$ cat run29.cif   # mmCIF, C-alpha atoms and all ligand atoms
data_run
loop_
_atom_site.label_atom_id
_atom_site.label_comp_id
_atom_site.auth_asym_id
_atom_site.auth_seq_id
_atom_site.Cartn_x
_atom_site.Cartn_y
_atom_site.Cartn_z
CA MET A 144 -16.64 5.16 1.11
CA ARG A 145 -12.90 5.37 0.48
CA HIS A 146 -11.18 3.28 -2.17
CA ILE A 147 -7.41 3.03 -1.63
CA MET A 148 -5.15 0.95 -3.83
CA VAL A 149 -1.53 -0.06 -3.34
CA LEU A 150 0.05 -0.53 -6.73
CA ASN A 151 3.42 -0.88 -8.40
CA ALA A 152 4.26 -3.09 -11.36
CA LYS A 153 7.50 -4.13 -9.63
CA GLY A 154 7.26 -7.26 -7.50
CA GLY A 155 8.27 -7.22 -3.84
CA SER A 156 8.06 -3.43 -3.37
CA GLY A 157 5.82 -3.64 -0.31
CA LYS A 158 2.29 -3.57 -1.77
CA THR A 159 0.95 -6.29 0.51
CA THR A 160 2.77 -4.91 3.55
CA ILE A 161 1.31 -1.44 3.03
CA ALA A 162 -2.18 -2.70 2.10
CA THR A 163 -2.43 -4.97 5.15
CA ASN A 164 -1.08 -2.29 7.50
CA LEU A 165 -3.59 0.22 6.13
CA ALA A 166 -6.45 -2.26 6.50
CA SER A 167 -5.41 -2.98 10.08
CA TYR A 168 -5.09 0.75 10.83
CA PHE A 169 -8.66 1.44 9.66
CA ALA A 170 -10.00 -1.64 11.45
CA SER A 171 -8.32 -0.47 14.67
CA LYS A 172 -10.21 2.83 14.21
CA LYS A 173 -13.46 0.83 14.13
CA LYS A 174 -13.97 1.33 10.40
CA ASN A 175 -15.74 -1.26 8.32
CA VAL A 176 -12.91 -2.50 6.08
CA ILE A 177 -12.74 -4.69 2.99
CA LEU A 178 -9.27 -5.94 2.01
CA ALA A 179 -9.50 -6.83 -1.68
CA ASP A 180 -6.66 -9.06 -2.85
CA TYR A 181 -6.25 -8.90 -6.64
CA ASP A 182 -3.08 -10.98 -6.53
CA PRO A 183 -3.61 -14.71 -7.20
CA GLN A 184 -0.69 -15.32 -4.77
CA GLY A 185 -3.27 -14.36 -2.13
CA SER A 186 -0.73 -12.90 0.31
CA SER A 187 -3.20 -10.43 1.83
CA LEU A 188 -5.70 -13.22 2.37
CA ASP A 189 -2.96 -15.37 3.96
CA TRP A 190 -2.21 -12.44 6.28
CA LEU A 191 -5.89 -12.23 7.15
CA SER A 192 -6.12 -15.94 7.90
CA ALA A 193 -3.38 -15.49 10.55
CA ARG A 194 -5.47 -12.77 12.23
CA SER A 195 -7.13 -13.60 15.54
CA SER A 196 -10.93 -13.34 15.63
CA ALA A 197 -10.45 -11.27 18.80
CA LYS A 198 -8.99 -8.44 16.69
CA PRO A 199 -11.15 -5.84 14.90
CA PRO A 200 -12.59 -7.65 11.87
CA ILE A 201 -11.49 -7.10 8.27
CA LYS A 202 -13.42 -8.65 5.39
CA GLY A 203 -11.11 -10.34 2.91
CA VAL A 204 -12.17 -10.67 -0.73
CA ALA A 205 -10.39 -12.87 -3.28
CA ALA A 206 -10.80 -10.13 -5.87
CA PHE A 207 -8.64 -12.01 -8.40
CA LYS A 208 -11.64 -14.36 -8.67
CA THR A 209 -14.61 -12.09 -7.91
CA PRO A 210 -14.42 -8.30 -7.53
CA PRO A 211 -15.58 -6.88 -4.20
CA HIS A 212 -19.15 -5.64 -3.77
CA PRO A 213 -18.89 -3.08 -0.99
CA GLY A 214 -22.11 -2.66 0.93
CA ARG A 215 -23.58 0.59 2.21
CA ASN A 216 -21.90 0.06 5.56
CA THR A 217 -18.39 -0.31 4.02
CA ASP A 218 -16.15 2.60 5.08
CA VAL A 219 -13.02 1.70 3.16
CA VAL A 220 -11.86 -0.74 0.50
CA VAL A 221 -8.11 -1.36 0.57
CA VAL A 222 -6.84 -3.00 -2.60
CA ASP A 223 -3.67 -5.08 -2.74
CA ALA A 224 -2.70 -5.19 -6.42
CA PRO A 225 -0.52 -7.81 -8.12
CA ALA A 226 2.84 -7.05 -9.74
CA ALA A 227 3.36 -6.70 -13.49
CA VAL A 228 0.09 -4.93 -14.32
CA HIS A 229 0.40 -2.82 -17.45
CA GLY A 230 -1.59 -1.46 -20.39
CA LYS A 231 -5.27 -2.40 -20.56
CA ASP A 232 -5.01 -4.42 -17.36
CA LEU A 233 -3.69 -1.36 -15.53
CA THR A 234 -6.55 0.79 -16.84
CA ALA A 235 -9.05 -1.86 -15.67
CA MET A 236 -7.32 -2.28 -12.30
CA VAL A 237 -7.61 1.42 -11.35
CA LYS A 238 -11.22 1.72 -12.56
CA HIS A 239 -12.60 2.30 -9.06
CA ALA A 240 -9.50 3.64 -7.31
CA GLU A 241 -9.59 7.11 -5.76
CA THR A 242 -6.25 7.05 -3.99
CA ILE A 243 -3.25 5.08 -5.22
CA LEU A 244 -0.12 4.53 -3.15
CA ILE A 245 2.99 3.46 -5.05
CA PRO A 246 5.70 1.89 -2.88
CA VAL A 247 9.29 2.11 -4.11
CA LEU A 248 12.33 0.31 -2.71
CA PRO A 249 15.79 1.84 -2.33
CA SER A 250 17.46 -0.07 -5.14
CA PRO A 251 18.58 1.09 -8.60
CA ILE A 252 16.58 -1.68 -10.28
CA ASP A 253 13.41 -0.77 -8.40
CA MET A 254 13.84 2.97 -8.94
CA ARG A 255 14.33 2.53 -12.70
CA ALA A 256 11.28 0.29 -12.91
CA ALA A 257 9.27 2.72 -10.75
CA SER A 258 10.23 5.63 -12.97
CA LYS A 259 8.73 3.85 -16.00
CA PHE A 260 5.66 2.76 -14.05
CA ILE A 261 5.01 6.29 -12.75
CA GLN A 262 5.15 7.62 -16.33
CA GLU A 263 2.74 4.89 -17.43
CA ILE A 264 0.22 5.42 -14.66
CA LYS A 265 0.26 9.22 -15.07
CA HIS A 266 -1.15 8.64 -18.55
CA VAL A 267 -3.94 6.28 -17.51
CA GLY A 268 -7.18 8.22 -18.09
CA ARG A 269 -8.44 8.04 -14.54
CA VAL A 270 -5.17 9.38 -13.14
CA ALA A 271 -4.68 11.98 -15.91
CA ASN A 272 -8.24 13.25 -15.23
CA LYS A 273 -7.53 13.43 -11.49
CA LYS A 274 -10.28 10.94 -10.68
CA ALA A 275 -7.56 8.97 -8.92
CA LYS A 276 -4.75 10.64 -7.00
CA ILE A 277 -1.35 8.99 -6.85
CA ALA A 278 1.35 9.37 -4.21
CA LEU A 279 4.74 7.74 -3.62
CA VAL A 280 5.86 5.87 -0.51
CA GLY A 281 9.51 4.89 -0.09
CA ASN A 282 9.78 1.51 1.61
CA ARG A 283 12.50 -0.41 3.47
CA GLY A 284 14.70 2.66 3.90
CA ARG A 285 17.78 2.28 6.06
CA ASP A 286 19.19 5.40 7.72
CA PHE A 287 22.76 6.44 7.01
CA THR A 288 22.96 4.57 3.71
CA ASN A 289 23.74 6.32 0.43
CA ILE A 290 20.91 4.51 -1.30
CA TYR A 291 18.44 6.02 1.20
CA TRP A 292 19.40 9.50 -0.03
CA GLU A 293 19.36 8.33 -3.65
CA LEU A 294 15.80 7.08 -3.11
CA ASP A 295 14.85 10.35 -1.42
CA GLU A 296 16.24 12.32 -4.37
CA PHE A 297 14.60 9.98 -6.89
CA LEU A 298 11.18 10.27 -5.25
CA THR A 299 11.24 14.08 -5.05
CA LYS A 300 12.09 14.28 -8.79
CA GLN A 301 8.94 12.43 -9.91
CA ARG A 302 6.49 15.39 -9.71
CA VAL A 303 4.14 13.23 -7.67
CA PRO A 304 3.45 13.78 -3.93
CA VAL A 305 5.99 11.91 -1.79
CA LEU A 306 4.52 10.92 1.54
CA THR A 307 7.26 9.22 3.53
CA ILE A 308 10.02 6.64 3.50
CA LEU A 309 9.07 3.73 5.74
CA ARG A 310 12.00 2.03 7.35
CA ASP A 311 13.10 -1.56 6.97
CA SER A 312 11.92 -3.08 10.21
CA GLN A 313 11.36 -6.46 11.78
CA ASN A 314 8.16 -4.98 13.19
CA TYR A 315 6.51 -5.53 9.80
CA ILE A 316 7.63 -9.15 9.75
CA ARG A 317 6.46 -9.78 13.32
CA ALA A 318 3.13 -8.08 12.70
CA ALA A 319 2.55 -10.02 9.45
CA GLU A 320 3.12 -13.35 11.19
CA ARG A 321 0.07 -12.63 13.35
CA GLY A 322 -2.16 -10.93 10.81
CA LEU A 323 -1.60 -7.57 12.47
CA GLY A 324 -0.34 -4.15 11.43
CA ILE A 325 2.18 -2.00 13.27
CA PHE A 326 -0.68 0.10 14.72
CA GLU A 327 -1.86 -3.01 16.57
CA MET A 328 1.58 -3.84 18.00
CA GLY A 329 3.20 -2.49 21.15
CA PRO A 330 3.21 1.33 20.96
CA VAL A 331 6.75 1.67 22.33
CA LEU A 332 8.21 -0.94 19.98
CA THR A 333 6.52 0.59 16.94
CA GLU A 334 6.68 4.28 17.89
CA TYR A 335 9.18 5.22 15.18
CA ASP A 336 7.30 3.24 12.48
CA ARG A 337 4.02 4.88 13.48
CA GLU A 338 5.68 8.29 13.11
CA LEU A 339 6.86 7.38 9.62
CA TRP A 340 3.31 6.25 8.76
CA GLU A 341 1.74 9.50 9.96
CA PRO A 342 1.95 11.27 6.54
CA ILE A 343 0.28 8.26 4.86
CA ILE A 344 -2.59 8.33 7.34
CA LYS A 345 -2.97 12.10 6.92
CA TRP A 346 -2.90 11.77 3.14
CA VAL A 347 -5.48 9.00 2.84
CA ASN A 348 -7.78 10.91 5.20
CA SER A 349 -7.31 14.21 3.34
CA LYS A 350 -9.44 15.72 0.58
CA ARG A 351 -6.27 16.11 -1.52
CA SER A 352 -6.03 12.34 -1.92
CA GLN A 353 -9.60 12.14 -3.27
CA PRO A 354 -11.09 13.19 -6.62
N1 LIG B 1 9.32 -1.98 5.57
C1 LIG B 1 9.63 -3.26 5.58
N2 LIG B 1 10.50 -3.77 6.51
C2 LIG B 1 10.83 -5.08 6.51
N3 LIG B 1 10.38 -5.97 5.62
C3 LIG B 1 9.53 -5.54 4.67
C4 LIG B 1 9.10 -4.18 4.60
N4 LIG B 1 8.26 -4.05 3.54
C5 LIG B 1 8.15 -5.27 2.99
N5 LIG B 1 8.91 -6.17 3.65
C6 LIG B 1 9.09 -7.60 3.30
O1 LIG B 1 9.49 -7.66 1.95
C7 LIG B 1 8.85 -8.74 1.28
C8 LIG B 1 8.04 -8.20 0.08
O2 LIG B 1 7.03 -7.34 0.60
P1 LIG B 1 5.53 -7.44 0.09
O3 LIG B 1 5.09 -8.85 0.03
O4 LIG B 1 4.74 -6.49 0.90
O5 LIG B 1 5.73 -6.87 -1.38
P2 LIG B 1 4.71 -6.95 -2.62
O6 LIG B 1 4.95 -5.73 -3.44
O7 LIG B 1 3.35 -7.20 -2.14
O8 LIG B 1 5.25 -8.24 -3.38
P3 LIG B 1 4.52 -9.00 -4.63
O9 LIG B 1 4.80 -8.14 -5.82
O10 LIG B 1 5.18 -10.33 -4.67
O11 LIG B 1 3.07 -9.06 -4.29
C9 LIG B 1 8.00 -9.43 2.31
O12 LIG B 1 8.74 -10.52 2.84
C10 LIG B 1 7.78 -8.37 3.39
O13 LIG B 1 7.61 -8.93 4.68
MG MG B 2 1.94 -8.66 -2.68
#
$ encode --input "run29.cif" --output "structure tokens" --more "lines below"
Ligand SMILES: Nc1ncnc2c1ncn2[C@@H]1O[C@H](COP(=O)(O)OP(=O)(O)OP(=O)(O)O)[C@@H](O)[C@H]1O
Ligand SMILES: [Mg+2]
Amino acid sequence: MRHIMVLNAKGGSGKTTIATNLASYFASKKKNVILADYDPQGSSLDWLSARSSAKPPIKGVAAFKTPPHPGRNTDVVVVDAPAAVHGKDLTAMVKHAETILIPVLPSPIDMRAASKFIQEIKHVGRVANKKAKIALVGNRGRDFTNIYWELDEFLTKQRVPVLTILRDSQNYIRAAERGLGIFEMGPVLTEYDRELWEPIIKWVNSKRSQP
């Protein structure tokens, strides 16, 4: 069973967007998926409630109330973490995580906050002992902007694997409205986004992302 968490202390960085798209990707590959929402806002569960029962099923768990209990047939647990998790709460949050994706937005405020968070999480025992592997994902990048290149430079300086910079796209908004991910939307419309996701998919399926 894979345990993949999307985590960044900064609010609005794309945790729910990436967690729900990952869950939908695995479901579309016929995997047995649990989407564990640790955020009392319940945005991942709201996304799931918009999902048609005709689509590959995903089991939602309100993990902020009761932690998930994956069964033997569970292939992957995708965890959507809340913002502002630090210290002891952060240590507890990553207790079961094997693979942690940290989304970062192209904004000076977000990059500064991410820099502190990356330093903090590197020192959490589970990460320091390589029982959980972290990787960075740029999110909401816009081509031909200076801040895109500043984000790119920032990410490569962190001494943590950098997977990709996802673009800012209405496809994510459209997909979210219907409880879908970009891999379940029209292939032509989402071709470029799927390409940008490819390194994330490779990473989460690789041995390097696991303890
Ligand atoms: N790549 C993207 N393109 C367009 N919109 C995006 C993208 N990523 C995220 N968004 C939008 O940005 C907003 C914040 O994203 P999201 O809810 O995924 O962040 P979050 O880190 O889960 O926030 P919170 O900390 O509040 O839980 C949402 O409205 C989402 O639809
Ligand atoms: Mg969220």
$ residues_around --input "run29.cif" --residues "A:Phe297" --least-positions-apart "2" --cutoff "10 Å" --atoms "all atoms listed in the file" --output "ChimeraX atom specification"
/A:247,249,251,254-255,257-258,281,291-295,299-301
$ write_last_selection --input "run29.cif" --atoms "C-alpha atoms" --output "mmCIF file, in the frame of the given file"
data_model
loop_
_atom_site.group_PDB
_atom_site.id
_atom_site.type_symbol
_atom_site.label_atom_id
_atom_site.label_comp_id
_atom_site.auth_asym_id
_atom_site.auth_seq_id
_atom_site.Cartn_x
_atom_site.Cartn_y
_atom_site.Cartn_z
ATOM 1 C CA VAL A 247 9.290 2.110 -4.110
ATOM 2 C CA PRO A 249 15.790 1.840 -2.330
ATOM 3 C CA PRO A 251 18.580 1.090 -8.600
ATOM 4 C CA MET A 254 13.840 2.970 -8.940
ATOM 5 C CA ARG A 255 14.330 2.530 -12.700
ATOM 6 C CA ALA A 257 9.270 2.720 -10.750
ATOM 7 C CA SER A 258 10.230 5.630 -12.970
ATOM 8 C CA GLY A 281 9.510 4.890 -0.090
ATOM 9 C CA TYR A 291 18.440 6.020 1.200
ATOM 10 C CA TRP A 292 19.400 9.500 -0.030
ATOM 11 C CA GLU A 293 19.360 8.330 -3.650
ATOM 12 C CA LEU A 294 15.800 7.080 -3.110
ATOM 13 C CA ASP A 295 14.850 10.350 -1.420
ATOM 14 C CA THR A 299 11.240 14.080 -5.050
ATOM 15 C CA LYS A 300 12.090 14.280 -8.790
ATOM 16 C CA GLN A 301 8.940 12.430 -9.910
#
$ closest_residue --input "run29.cif" --among "A:Lys265, A:Lys158, A:Arg145, A:Lys202" --to "A:Ala179" --atoms "all atoms listed in the file"
A:Lys202
$ residues_near_ligand --input "run29.cif" --ligand "ligand LIG 1 (chain B)" --cutoff "10 Å" --atoms "all atoms listed in the file" --output "PDB file with C-alpha atoms, in the coordinates of the input"
ATOM      1  CA  VAL A 149      -1.530  -0.060  -3.340  1.00  0.00           C
ATOM      2  CA  LEU A 150       0.050  -0.530  -6.730  1.00  0.00           C
ATOM      3  CA  ASN A 151       3.420  -0.880  -8.400  1.00  0.00           C
ATOM      4  CA  ALA A 152       4.260  -3.090 -11.360  1.00  0.00           C
ATOM      5  CA  LYS A 153       7.500  -4.130  -9.630  1.00  0.00           C
ATOM      6  CA  GLY A 154       7.260  -7.260  -7.500  1.00  0.00           C
ATOM      7  CA  GLY A 155       8.270  -7.220  -3.840  1.00  0.00           C
ATOM      8  CA  SER A 156       8.060  -3.430  -3.370  1.00  0.00           C
ATOM      9  CA  GLY A 157       5.820  -3.640  -0.310  1.00  0.00           C
ATOM     10  CA  LYS A 158       2.290  -3.570  -1.770  1.00  0.00           C
ATOM     11  CA  THR A 159       0.950  -6.290   0.510  1.00  0.00           C
ATOM     12  CA  THR A 160       2.770  -4.910   3.550  1.00  0.00           C
ATOM     13  CA  ILE A 161       1.310  -1.440   3.030  1.00  0.00           C
ATOM     14  CA  ALA A 162      -2.180  -2.700   2.100  1.00  0.00           C
ATOM     15  CA  THR A 163      -2.430  -4.970   5.150  1.00  0.00           C
ATOM     16  CA  ASN A 164      -1.080  -2.290   7.500  1.00  0.00           C
ATOM     17  CA  ASP A 180      -6.660  -9.060  -2.850  1.00  0.00           C
ATOM     18  CA  TYR A 181      -6.250  -8.900  -6.640  1.00  0.00           C
ATOM     19  CA  ASP A 182      -3.080 -10.980  -6.530  1.00  0.00           C
ATOM     20  CA  PRO A 183      -3.610 -14.710  -7.200  1.00  0.00           C
ATOM     21  CA  GLN A 184      -0.690 -15.320  -4.770  1.00  0.00           C
ATOM     22  CA  GLY A 185      -3.270 -14.360  -2.130  1.00  0.00           C
ATOM     23  CA  SER A 186      -0.730 -12.900   0.310  1.00  0.00           C
ATOM     24  CA  SER A 187      -3.200 -10.430   1.830  1.00  0.00           C
ATOM     25  CA  ASP A 223      -3.670  -5.080  -2.740  1.00  0.00           C
ATOM     26  CA  ALA A 224      -2.700  -5.190  -6.420  1.00  0.00           C
ATOM     27  CA  PRO A 225      -0.520  -7.810  -8.120  1.00  0.00           C
ATOM     28  CA  ALA A 226       2.840  -7.050  -9.740  1.00  0.00           C
ATOM     29  CA  ALA A 227       3.360  -6.700 -13.490  1.00  0.00           C
ATOM     30  CA  ILE A 245       2.990   3.460  -5.050  1.00  0.00           C
ATOM     31  CA  PRO A 246       5.700   1.890  -2.880  1.00  0.00           C
ATOM     32  CA  VAL A 247       9.290   2.110  -4.110  1.00  0.00           C
ATOM     33  CA  LEU A 248      12.330   0.310  -2.710  1.00  0.00           C
ATOM     34  CA  GLY A 281       9.510   4.890  -0.090  1.00  0.00           C
ATOM     35  CA  ASN A 282       9.780   1.510   1.610  1.00  0.00           C
ATOM     36  CA  ARG A 283      12.500  -0.410   3.470  1.00  0.00           C
ATOM     37  CA  GLY A 284      14.700   2.660   3.900  1.00  0.00           C
ATOM     38  CA  ARG A 285      17.780   2.280   6.060  1.00  0.00           C
ATOM     39  CA  ILE A 308      10.020   6.640   3.500  1.00  0.00           C
ATOM     40  CA  LEU A 309       9.070   3.730   5.740  1.00  0.00           C
ATOM     41  CA  ARG A 310      12.000   2.030   7.350  1.00  0.00           C
ATOM     42  CA  ASP A 311      13.100  -1.560   6.970  1.00  0.00           C
ATOM     43  CA  SER A 312      11.920  -3.080  10.210  1.00  0.00           C
ATOM     44  CA  GLN A 313      11.360  -6.460  11.780  1.00  0.00           C
ATOM     45  CA  ASN A 314       8.160  -4.980  13.190  1.00  0.00           C
ATOM     46  CA  TYR A 315       6.510  -5.530   9.800  1.00  0.00           C
ATOM     47  CA  ILE A 316       7.630  -9.150   9.750  1.00  0.00           C
ATOM     48  CA  ARG A 317       6.460  -9.780  13.320  1.00  0.00           C
ATOM     49  CA  ALA A 318       3.130  -8.080  12.700  1.00  0.00           C
ATOM     50  CA  ALA A 319       2.550 -10.020   9.450  1.00  0.00           C
ATOM     51  CA  GLU A 320       3.120 -13.350  11.190  1.00  0.00           C
ATOM     52  CA  ASP A 336       7.300   3.240  12.480  1.00  0.00           C
TER      53      ASP A 336
END
$ residues_around --input "run29.cif" --residues "A:Arg215" --least-positions-apart "5" --cutoff "12 Å" --atoms "all atoms listed in the file" --output "list in words"
Met144, Arg145, Asn175, Val176 and Val220 of chain A
$ residues_around --input "run29.cif" --residues "stretch 230-234 of chain A" --least-positions-apart "6" --cutoff "10 Å" --atoms "all atoms listed in the file" --output "list in words"
Leu150, Ala152, Ala224, Glu263, Ile264, His266, Val267, Gly268, Arg269 and Val270 of chain A
$ write_last_selection --input "run29.cif" --atoms "C-alpha atoms" --output "PDB file, in the frame of the given file"
ATOM      1  CA  LEU A 150       0.050  -0.530  -6.730  1.00  0.00           C
ATOM      2  CA  ALA A 152       4.260  -3.090 -11.360  1.00  0.00           C
ATOM      3  CA  ALA A 224      -2.700  -5.190  -6.420  1.00  0.00           C
ATOM      4  CA  GLU A 263       2.740   4.890 -17.430  1.00  0.00           C
ATOM      5  CA  ILE A 264       0.220   5.420 -14.660  1.00  0.00           C
ATOM      6  CA  HIS A 266      -1.150   8.640 -18.550  1.00  0.00           C
ATOM      7  CA  VAL A 267      -3.940   6.280 -17.510  1.00  0.00           C
ATOM      8  CA  GLY A 268      -7.180   8.220 -18.090  1.00  0.00           C
ATOM      9  CA  ARG A 269      -8.440   8.040 -14.540  1.00  0.00           C
ATOM     10  CA  VAL A 270      -5.170   9.380 -13.140  1.00  0.00           C
TER      11      VAL A 270
END
$ atom_distance --input "run29.cif" --atom1 "atom CA of A:Arg337" --atom2 "atom CA of A:Ile177"
22.0 Å
